[in-house]
>>> print(open('input-v7.txt').read())   # compact mmCIF, C-alpha atoms
# COMPACT_ATOMS: atom_id res chain seq x y z
CA MET A 229 127.42 104.24 82.41
CA THR A 230 127.46 107.52 84.34
CA VAL A 231 125.06 108.86 86.93
CA SER A 232 124.00 111.60 84.55
CA ARG A 233 122.85 108.88 82.13
CA PHE A 234 120.80 107.30 84.91
CA ARG A 235 119.17 110.65 85.72
CA TYR A 236 118.44 111.18 82.03
CA LEU A 237 116.72 107.79 81.75
CA PHE A 238 114.79 108.33 84.97
CA ASN A 239 113.38 111.63 83.70
CA ARG A 240 112.61 110.10 80.30
CA TYR A 241 110.70 107.25 81.95
CA TYR A 242 108.90 109.56 84.34
CA SER A 243 107.74 111.81 81.49
CA ARG A 244 106.77 108.76 79.35
CA GLN A 245 109.25 109.65 76.63
CA CYS A 246 111.36 106.47 76.89
CA THR A 247 111.93 104.40 73.82
CA PRO A 248 111.58 100.63 74.40
CA GLU A 249 115.37 100.33 74.38
CA GLU A 250 115.77 103.15 76.91
CA GLN A 251 113.15 101.58 79.17
CA GLN A 252 115.00 98.26 79.19
CA GLU A 253 118.27 100.05 79.93
CA PHE A 254 116.66 101.98 82.79
CA MET A 255 115.23 98.80 84.35
CA ARG A 256 118.63 97.13 84.18
CA LEU A 257 120.27 100.09 85.95
CA MET A 258 117.57 99.98 88.63
CA GLU A 259 118.93 96.60 89.71
CA GLN A 260 122.42 97.96 90.37
CA PRO A 261 123.19 99.16 93.92
CA ALA A 262 125.60 101.76 92.53
CA TYR A 263 122.62 103.94 91.61
CA ASP A 264 120.80 103.74 94.97
CA GLU A 265 121.93 107.15 96.22
CA GLU A 266 121.15 108.90 92.96
CA LEU A 267 117.74 107.25 92.92
CA LYS A 268 117.02 108.40 96.46
CA GLN A 269 117.79 112.00 95.49
CA LEU A 270 115.52 111.77 92.47
CA LEU A 271 112.72 110.34 94.60
CA ASP A 272 113.14 113.11 97.18
CA ASN A 273 112.77 115.69 94.43
CA LEU A 274 109.62 114.05 93.09
CA LEU A 275 108.11 113.88 96.57
CA LEU A 276 108.69 117.60 97.06
CA GLU A 277 107.17 118.36 93.68
CA SER A 278 104.11 116.21 94.36
CA ASP A 279 103.61 117.79 97.80
CA GLU A 280 103.53 121.20 96.09
CA GLU A 281 100.98 119.79 93.62
CA THR A 282 103.13 120.82 90.70
CA GLY A 283 102.74 117.47 89.03
CA ALA A 284 102.55 113.75 89.60
CA MET A 285 103.38 110.60 87.73
CA PRO A 286 100.53 109.69 85.38
CA ASP A 287 98.46 106.74 86.55
CA ASP A 288 99.29 104.50 83.60
CA THR A 289 103.04 105.19 83.93
CA ALA A 290 102.87 104.36 87.63
CA ALA A 291 100.83 101.23 87.00
CA ASN A 292 103.22 100.02 84.28
CA MET A 293 106.21 100.61 86.53
CA LEU A 294 104.56 98.76 89.40
CA ARG A 295 103.51 95.89 87.15
CA HIS A 296 107.06 95.52 85.81
CA ILE A 297 108.55 95.39 89.28
CA MET A 298 106.03 92.93 90.73
CA HIS A 299 106.40 90.53 87.82
CA THR A 300 110.19 90.56 87.68
CA GLY A 301 110.80 90.07 91.42
CA ALA A 302 111.48 86.58 92.79
CA ALA A 303 109.65 85.03 95.72
CA ALA A 304 110.18 87.37 98.63
CA PRO A 305 111.95 86.66 101.88
CA GLN A 306 110.91 88.50 105.01
CA PRO A 307 111.71 92.18 104.48
CA ALA A 308 114.08 94.17 106.62
CA PRO A 309 112.30 96.84 108.65
CA VAL A 310 112.20 100.31 107.13
CA ARG A 311 111.69 103.54 109.03
CA ALA A 312 108.96 106.09 108.44
CA ILE A 313 109.89 109.60 107.38
CA PRO A 314 107.84 112.80 107.87
CA MET A 315 104.40 113.21 106.26
CA TRP A 316 103.85 109.45 106.03
CA GLN A 317 106.26 109.12 103.13
CA ARG A 318 108.80 106.31 103.00
CA VAL A 319 111.95 106.02 100.96
CA ALA A 320 113.46 102.55 101.28
CA VAL A 321 117.20 103.16 100.92
CA ALA A 322 118.30 99.77 99.66
CA ALA A 323 119.18 98.06 96.41
CA SER A 324 116.68 98.30 93.58
CA VAL A 325 114.24 100.88 94.99
CA LEU A 326 111.68 102.31 92.62
CA ALA A 327 109.08 105.01 93.28
CA VAL A 328 105.55 104.91 92.02
CA ILE A 329 103.84 108.19 92.76
CA ALA A 330 100.20 109.31 92.75
CA VAL A 331 98.45 106.00 92.19
CA ALA A 332 94.90 106.35 93.53
CA GLY A 333 96.06 109.12 95.86
CA TYR A 334 98.93 107.09 97.33
CA LYS A 335 102.69 107.21 97.07
CA ILE A 336 104.01 103.67 96.69
CA TYR A 337 107.56 102.42 96.77
CA VAL A 338 108.68 99.01 95.57
CA LYS A 339 111.92 97.06 96.08
CA ASN A 340 112.65 94.91 93.07
CA LYS A 341 115.23 92.43 94.38
CA VAL A 342 113.25 91.25 97.41
CA GLY A 343 109.79 91.74 95.94
CA ASN A 344 108.72 94.20 98.63
CA MET A 345 106.00 96.75 98.33
CA PRO A 346 106.52 99.50 100.91
CA ILE A 347 103.39 101.65 100.90
CA ALA A 348 102.77 105.13 102.26
CA SER A 349 99.33 106.52 102.83
CA ASN A 350 98.77 110.11 101.78
CA HIS A 351 95.03 110.26 102.44
CA ALA A 352 93.48 112.78 104.77
CA PRO A 353 92.62 111.04 108.06
CA ALA A 354 89.05 109.97 108.58
CA SER A 355 87.36 110.79 111.89
CA LYS A 356 88.37 108.32 114.59
CA LYS A 357 85.69 106.25 116.23
CA ASP A 358 85.52 106.20 120.01
CA ASP A 359 87.99 103.88 121.69
CA GLY A 360 86.15 100.92 123.16
CA ALA A 361 87.22 99.32 126.44
CA ARG A 362 85.81 97.78 129.58
CA LEU A 363 87.05 97.42 133.14
CA VAL A 364 86.34 94.37 135.27
CA ARG A 365 86.52 95.17 138.98
CA GLY A 366 87.59 92.85 141.77
CA ASP A 367 84.00 91.80 142.48
CA GLY A 368 83.48 90.79 138.85
CA SER A 369 81.32 93.76 137.89
CA VAL A 370 81.99 95.37 134.53
CA ILE A 371 82.22 99.06 133.59
CA ASP A 372 81.74 99.90 129.92
CA LEU A 373 84.30 102.67 129.50
CA GLU A 374 83.07 103.67 126.06
CA HIS A 375 79.82 104.92 127.60
CA TYR A 376 81.09 105.87 131.07
CA LYS A 377 80.96 109.65 131.37
CA ASP A 378 82.18 110.44 134.90
CA THR A 379 85.82 111.27 135.63
CA ALA A 380 85.87 109.49 139.01
CA MET A 381 85.37 105.73 139.20
CA ASP A 382 84.42 103.61 142.21
CA VAL A 383 86.64 100.52 142.25
CA GLN A 384 87.12 99.77 145.93
CA SER A 385 87.62 101.53 149.23
CA GLY A 386 91.04 103.17 149.51
CA VAL A 387 91.61 103.22 145.72
CA SER A 388 91.07 106.30 143.61
CA VAL A 389 90.57 105.93 139.87
CA ASN A 390 90.42 108.95 137.59
CA ARG A 391 89.32 108.81 133.97
CA GLN A 392 90.41 111.43 131.47
CA GLY A 393 89.55 110.64 127.86
CA ASN A 394 90.85 107.15 127.18
CA THR A 395 93.20 107.07 130.19
CA LEU A 396 92.58 105.46 133.58
CA SER A 397 94.84 106.51 136.48
CA TYR A 398 95.01 104.51 139.71
CA THR A 399 96.10 105.82 143.13
CA SER A 400 95.94 103.73 146.29
CA ASN A 401 96.84 104.29 149.93
CA ALA A 402 99.41 102.17 151.73
CA ALA A 403 96.87 100.32 153.87
CA VAL A 404 94.64 99.06 151.09
CA THR A 405 94.17 95.33 150.55
CA PRO A 406 94.49 94.97 146.79
CA THR A 407 91.98 93.30 144.53
CA ILE A 408 92.51 92.32 140.91
CA ASN A 409 91.20 94.53 138.11
CA THR A 410 91.36 93.75 134.39
CA LEU A 411 91.23 96.28 131.57
CA TYR A 412 90.12 95.02 128.15
CA THR A 413 90.21 96.87 124.83
CA ASN A 414 87.78 96.01 122.06
CA LYS A 415 88.72 95.49 118.44
CA GLY A 416 89.48 98.90 117.00
CA GLY A 417 90.13 100.44 120.41
CA THR A 418 93.16 101.51 122.40
CA TYR A 419 93.47 102.63 126.00
CA GLN A 420 96.07 103.94 128.43
CA LEU A 421 96.43 102.85 132.05
CA VAL A 422 98.46 104.46 134.82
CA LEU A 423 99.08 101.81 137.48
CA PRO A 424 99.25 102.56 141.22
CA ASP A 425 103.07 102.78 141.13
CA GLY A 426 103.06 105.31 138.27
CA THR A 427 103.88 102.78 135.55
CA LYS A 428 102.18 103.63 132.25
CA ALA A 429 100.70 100.99 129.97
CA TRP A 430 99.19 101.52 126.52
CA LEU A 431 96.88 98.74 125.28
CA ASN A 432 96.51 98.02 121.59
CA ALA A 433 93.25 96.72 120.11
CA ALA A 434 91.84 93.40 121.40
CA SER A 435 94.22 93.35 124.36
CA SER A 436 94.00 93.09 128.15
CA ILE A 437 96.02 93.71 131.29
CA ARG A 438 95.32 92.11 134.67
CA PHE A 439 96.75 94.02 137.63
CA PRO A 440 96.33 94.59 141.39
CA THR A 441 94.81 97.83 142.66
CA ALA A 442 97.92 98.25 144.85
CA PHE A 443 101.42 96.77 144.67
CA THR A 444 102.05 95.41 148.15
CA ASP A 445 104.22 92.35 147.39
CA SER A 446 107.97 92.15 146.88
CA THR A 447 107.37 92.29 143.10
CA ARG A 448 104.95 94.23 140.93
CA GLU A 449 103.22 91.73 138.65
CA VAL A 450 100.75 92.15 135.79
CA THR A 451 99.45 89.68 133.20
CA ILE A 452 98.71 90.65 129.62
CA GLN A 453 97.20 89.32 126.42
CA GLY A 454 97.41 91.00 123.05
CA GLU A 455 99.80 93.93 122.78
CA VAL A 456 100.89 96.41 125.45
CA TYR A 457 103.56 99.11 125.56
CA PHE A 458 105.05 99.86 128.99
CA GLU A 459 106.94 102.73 130.58
CA ILE A 460 107.93 101.26 133.93
CA ALA A 461 108.28 103.43 137.03
CA GLN A 462 111.64 102.68 138.62
CA GLN A 463 111.54 100.98 142.01
CA ALA A 464 114.80 99.11 142.56
CA ARG A 465 113.51 97.14 145.54
CA GLN A 466 110.34 96.02 143.80
CA PRO A 467 111.00 94.57 140.33
CA PHE A 468 108.25 94.76 137.73
CA ILE A 469 107.20 91.52 136.02
CA VAL A 470 105.03 91.21 132.93
CA LYS A 471 103.51 87.77 132.40
CA THR A 472 101.96 86.17 129.34
CA ASN A 473 100.82 82.57 129.05
CA THR A 474 104.26 81.67 127.63
CA ILE A 475 106.92 84.05 128.93
CA GLU A 476 107.79 86.48 131.70
CA ILE A 477 109.63 89.79 131.37
CA ALA A 478 111.45 91.10 134.44
CA VAL A 479 112.46 94.78 134.60
CA LEU A 480 113.36 97.58 137.02
CA GLY A 481 112.70 100.68 134.92
CA THR A 482 112.46 100.74 131.14
CA HIS A 483 110.35 101.26 128.01
CA PHE A 484 109.32 98.21 126.00
CA ASN A 485 106.53 96.67 123.92
CA VAL A 486 105.11 93.16 124.19
CA MET A 487 103.07 91.62 121.37
CA ALA A 488 101.44 88.40 122.57
CA TYR A 489 98.26 87.85 120.57
CA GLU A 490 97.04 84.27 120.79
CA GLU A 491 96.71 84.00 117.01
CA GLU A 492 100.36 84.94 116.43
CA GLN A 493 102.96 82.17 116.41
CA ASN A 494 105.64 84.26 118.13
CA ILE A 495 105.60 86.49 121.18
CA CYS A 496 107.64 89.59 120.40
CA THR A 497 109.27 91.86 122.98
CA SER A 498 110.81 95.10 121.67
CA LEU A 499 113.07 97.13 123.96
CA LEU A 500 113.41 100.89 123.53
CA GLU A 501 115.15 101.92 126.76
CA GLY A 502 116.78 100.26 129.74
CA ALA A 503 117.20 96.49 130.03
CA VAL A 504 114.91 93.52 130.54
CA ASN A 505 115.26 89.81 131.15
CA VAL A 506 113.05 87.64 128.97
CA ILE A 507 112.22 84.35 130.69
CA SER A 508 110.87 81.30 128.87
CA GLY A 509 110.86 78.14 130.96
CA SER A 510 114.36 77.77 132.38
CA THR A 511 115.91 80.07 129.73
CA VAL A 512 116.72 83.68 130.64
CA ARG A 513 118.03 86.18 128.08
CA LEU A 514 119.04 89.80 128.66
CA MET A 515 117.87 92.36 126.11
CA LYS A 516 119.47 95.69 125.21
CA PRO A 517 117.83 98.77 123.65
CA GLY A 518 117.14 98.38 119.95
CA GLN A 519 116.64 94.64 120.21
CA GLN A 520 113.65 92.34 119.78
CA ALA A 521 113.15 88.96 121.42
CA LEU A 522 111.02 86.34 119.68
CA VAL A 523 109.65 83.35 121.58
CA ASN A 524 107.93 80.66 119.52
CA ARG A 525 104.83 79.37 121.31
CA GLU A 526 105.65 75.76 120.42
CA HIS A 527 109.43 75.62 120.85
CA LYS A 528 109.67 78.38 123.48
CA GLY A 529 113.28 79.18 122.63
CA ILE A 530 114.32 82.84 122.82
CA SER A 531 115.80 84.50 119.73
CA ILE A 532 117.21 88.02 120.16
CA SER A 533 118.20 90.29 117.28
CA ASN A 534 118.63 93.95 116.44
CA ALA A 535 115.47 95.42 114.99
CA ASP A 536 113.56 98.57 114.11
CA VAL A 537 111.81 98.90 117.47
CA ASP A 538 110.15 102.16 116.41
CA ALA A 539 108.16 100.14 113.90
CA ALA A 540 107.01 97.85 116.72
CA ILE A 541 105.28 100.74 118.49
CA ALA A 542 103.88 102.40 115.37
CA TRP A 543 100.42 101.36 116.57
CA LYS A 544 100.86 103.59 119.63
CA GLU A 545 101.46 106.54 117.31
CA GLY A 546 98.39 105.77 115.20
CA ARG A 547 100.10 103.96 112.33
CA PHE A 548 100.21 100.53 110.76
CA GLU A 549 103.76 99.35 110.02
CA PHE A 550 103.34 96.35 107.74
CA ASN A 551 106.35 94.06 107.49
CA GLY A 552 105.38 90.52 106.58
CA ASN A 553 103.22 88.30 104.39
CA ILE A 554 99.62 89.06 103.54
CA LYS A 555 98.13 86.81 106.23
CA SER A 556 100.05 88.55 109.02
CA ILE A 557 98.84 91.90 107.65
CA MET A 558 95.25 90.68 107.51
CA ARG A 559 95.39 89.56 111.15
CA GLU A 560 96.44 93.06 112.17
CA LEU A 561 93.73 94.68 110.08
CA ALA A 562 91.12 92.29 111.49
CA ARG A 563 91.93 93.38 115.05
CA TRP A 564 91.61 97.04 114.19
CA TYR A 565 88.64 97.07 111.80
CA ASP A 566 86.76 94.17 113.44
CA VAL A 567 86.42 92.11 110.27
CA GLN A 568 87.00 88.50 109.24
CA PHE A 569 89.24 87.40 106.37
CA ILE A 570 88.60 84.21 104.38
CA TYR A 571 91.22 82.88 101.96
CA GLU A 572 90.50 81.30 98.60
CA GLY A 573 93.08 79.85 96.22
CA GLU A 574 96.85 79.89 96.57
CA ILE A 575 97.70 83.12 98.39
CA THR A 576 101.07 84.71 97.69
CA ASN A 577 103.75 84.53 100.36
CA ARG A 578 105.32 87.72 98.99
CA ALA A 579 106.58 90.04 101.71
CA PHE A 580 104.93 93.45 102.01
CA ALA A 581 106.21 96.40 104.01
CA GLY A 582 104.70 99.82 104.43
CA THR A 583 103.00 102.51 106.46
CA PHE A 584 99.36 103.56 106.71
CA SER A 585 97.49 105.79 109.11
CA ARG A 586 95.09 103.91 111.33
CA GLN A 587 92.59 106.60 110.41
CA ASP A 588 92.55 105.38 106.80
CA SER A 589 89.55 103.40 105.69
CA LEU A 590 89.96 99.65 105.32
CA GLU A 591 88.77 99.92 101.71
CA ASP A 592 91.60 102.33 100.87
CA ILE A 593 94.23 100.08 102.40
CA LEU A 594 92.96 96.98 100.62
CA HIS A 595 92.72 98.84 97.32
CA THR A 596 96.36 99.89 97.60
CA LEU A 597 97.46 96.34 98.34
CA GLU A 598 95.59 95.25 95.24
CA LEU A 599 97.76 97.56 93.13
CA THR A 600 100.53 94.99 93.36
CA GLY A 601 98.48 92.68 91.16
CA SER A 602 99.29 89.73 93.44
CA ILE A 603 96.29 89.88 95.77
CA HIS A 604 92.58 90.74 95.48
CA PHE A 605 89.78 91.40 97.97
CA ASN A 606 86.01 91.00 97.84
CA ILE A 607 84.35 92.92 100.68
CA ASN A 608 81.00 91.66 101.97
CA ASP A 609 80.14 93.67 105.08
CA LYS A 610 82.47 92.35 107.81
CA THR A 611 83.65 89.35 105.81
CA ILE A 612 86.44 89.85 103.28
CA ILE A 613 87.47 87.17 100.79
CA VAL A 614 91.16 87.19 99.89
CA SER A 615 92.19 85.61 96.59
CA PRO A 616 95.19 85.66 94.19
>>> encode(input="input-v7.txt", output="structure tokens")
Amino acid sequence: MTVSRFRYLFNRYYSRQCTPEEQQEFMRLMEQPAYDEELKQLLDNLLLESDEETGAMPDDTAANMLRHIMHTGAAAPQPAPVRAIPMWQRVAVAASVLAVIAVAGYKIYVKNKVGNMPIASNHAPASKKDDGARLVRGDGSVIDLEHYKDTAMDVQSGVSVNRQGNTLSYTSNAAVTPTINTLYTNKGGTYQLVLPDGTKAWLNAASSIRFPTAFTDSTREVTIQGEVYFEIAQQARQPFIVKTNTIEIAVLGTHFNVMAYEEEQNICTSLLEGAVNVISGSTVRLMKPGQQALVNREHKGISISNADVDAAIAWKEGRFEFNGNIKSIMRELARWYDVQFIYEGEITNRAFAGTFSRQDSLEDILHTLELTGSIHFNINDKTIIVSP
């Protein structure tokens, strides 16, 4: 069978002119890796056409294609990470990729062999709510940053704190006796912190960082919960140490992300630049750029592997990068939209992977997940029931 035959069948299916025999032949060819590159080119063309609003796949054709894929795939293993491409569109270049375009305003891509559903949001962003955060000063007093309007902030004598938008910047003089401050983000909020040494830290939703108002010891130490991305200011004589309740990360100057939410089984460190040592108990492992380190909270062993670290910091760029089962996705959505998920029945362990804007409404995201036919949601204010 030639590539031209594959293109012919693709166009026949897309235009809903396939005979039953041609449809079966097309689905068989979809499972063959030899046609991956040709498929990618066809998908690129369709994406360009849909962006120009010259046409889109009819809803029933898209739904039938999606239904066929989701019912022929086997139980899914964890998906390999896939990178985002411009305009929130994703093309998963792997075996058995199929495009479903213009379903409820979304462009959806499905991998047949592993049962994945990469999703790409194409909705116009909704207006972003104010980022919510609070700062606890050394004396225990609390500043509600969501409603704090001044640019200057009184923390302690000898320490200057400037607030611009959702960024706090600390400057301290050499003689100051440091106190401990803690910055907390609320669910649905993010915040940026510039520490006294110039290190930058971005806090994801429902996260915190505990830090001194001046770094006067031989090491610079902070303690975090939740998820924080760091760009460490280089000071060779004063190593920087990030602590969680399970691990420590020792660095000199680098860019990395730490995900350490209490409800997650693993603590994940993703390294973008430089080098870090991940320390769990008596075990020390060196990480290189492009790697992720997983530490299981129970076993505390360190597992390092190559990974799509850009996906790990998608939250910092205002995106969701889903890459796991439905319960892991729901935990992430709960932290951002401040909702509770309740599960009824036997929930699928199928692996989902995809991209959404964090500006999208929760209803839109859940509706798109429902298009797989393997999961359903019943929304009741801030409680959402998840069922097969």
>>> closest_atom_pairs(input="input-v7.txt", of="region 449-555 of chain A", to="region 404-426 of chain A", cutoff="12 Å", atoms="all atoms listed in the file", output="CSV")
residue,atom,partner,partner_atom,distance
A:Glu449,CA,A:Leu423,CA,11.0
A:Val450,CA,A:Thr410,CA,9.6
A:Thr451,CA,A:Thr410,CA,9.1
A:Ile452,CA,A:Thr410,CA,9.3
A:Gln453,CA,A:Tyr412,CA,9.3
A:Gly454,CA,A:Thr413,CA,9.5
A:Glu455,CA,A:Thr418,CA,10.1
A:Val456,CA,A:Gln420,CA,9.4
A:Tyr457,CA,A:Gln420,CA,9.4
A:Phe458,CA,A:Leu421,CA,9.6
A:Glu459,CA,A:Gly426,CA,9.0
A:Ile460,CA,A:Gly426,CA,7.7
A:Ala461,CA,A:Gly426,CA,5.7
A:Gln462,CA,A:Asp425,CA,8.9
A:Gln463,CA,A:Asp425,CA,8.7
A:Gln466,CA,A:Asp425,CA,10.3
A:Pro467,CA,A:Asp425,CA,11.4
A:Phe468,CA,A:Asp425,CA,10.1
A:Gly481,CA,A:Gly426,CA,11.2
A:Trp543,CA,A:Thr418,CA,9.3
A:Lys544,CA,A:Thr418,CA,8.4
A:Glu545,CA,A:Thr418,CA,11.0
A:Gly546,CA,A:Thr418,CA,9.9
>>> residues_around(input="input-v7.txt", residues="region 598-614 of chain A", least_positions_apart="5", cutoff="6 Å", atoms="all atoms listed in the file", output="short mmCIF file (atom, residue, chain, number, x, y, z; two decimals) with C-alpha atoms, in the coordinates of the input")
data_model
loop_
_atom_site.label_atom_id
_atom_site.label_comp_id
_atom_site.auth_asym_id
_atom_site.auth_seq_id
_atom_site.Cartn_x
_atom_site.Cartn_y
_atom_site.Cartn_z
CA VAL A 567 86.42 92.11 110.27
CA GLN A 568 87.00 88.50 109.24
CA PHE A 569 89.24 87.40 106.37
CA ILE A 570 88.60 84.21 104.38
CA TYR A 571 91.22 82.88 101.96
#
>>> residues_around(input="input-v7.txt", residues="Gln493 (chain A)", least_positions_apart="5", cutoff="9 Å", atoms="only C-alpha atoms", output="PyMOL selection string")
chain A and resi 488+523-526
>>> atom_distance(input="input-v7.txt", atom1="CA of Thr395 (chain A)", atom2="CA of Trp430 (chain A)")
9.0 Å
>>> closest_residue(input="input-v7.txt", among="A:Pro616, A:Asn432, A:Val383, A:Ile575", to="Phe548 (chain A)", atoms="only C-alpha atoms")
A:Asn432
>>> atom_distance(input="input-v7.txt", atom1="CA of Asn473 (chain A)", atom2="CA of Gln519 (chain A)")
21.8 Å
>>> atom_distance(input="input-v7.txt", atom1="CA of Ala402 (chain A)", atom2="CA of Gln384 (chain A)")
13.8 Å
>>> residues_near_point(input="input-v7.txt", point="(116.3, 101.9, 123.0)", cutoff="12 Å", atoms="only C-alpha atoms", output="list in words")
Thr482, His483, Phe484, Asn485, Ser498, Leu499, Leu500, Glu501, Gly502, Ala503, Val504, Met515, Lys516, Pro517, Gly518, Gln519, Gln520, Asn534, Ala535, Asp536, Val537, Asp538, Ala540 and Ile541 of chain A
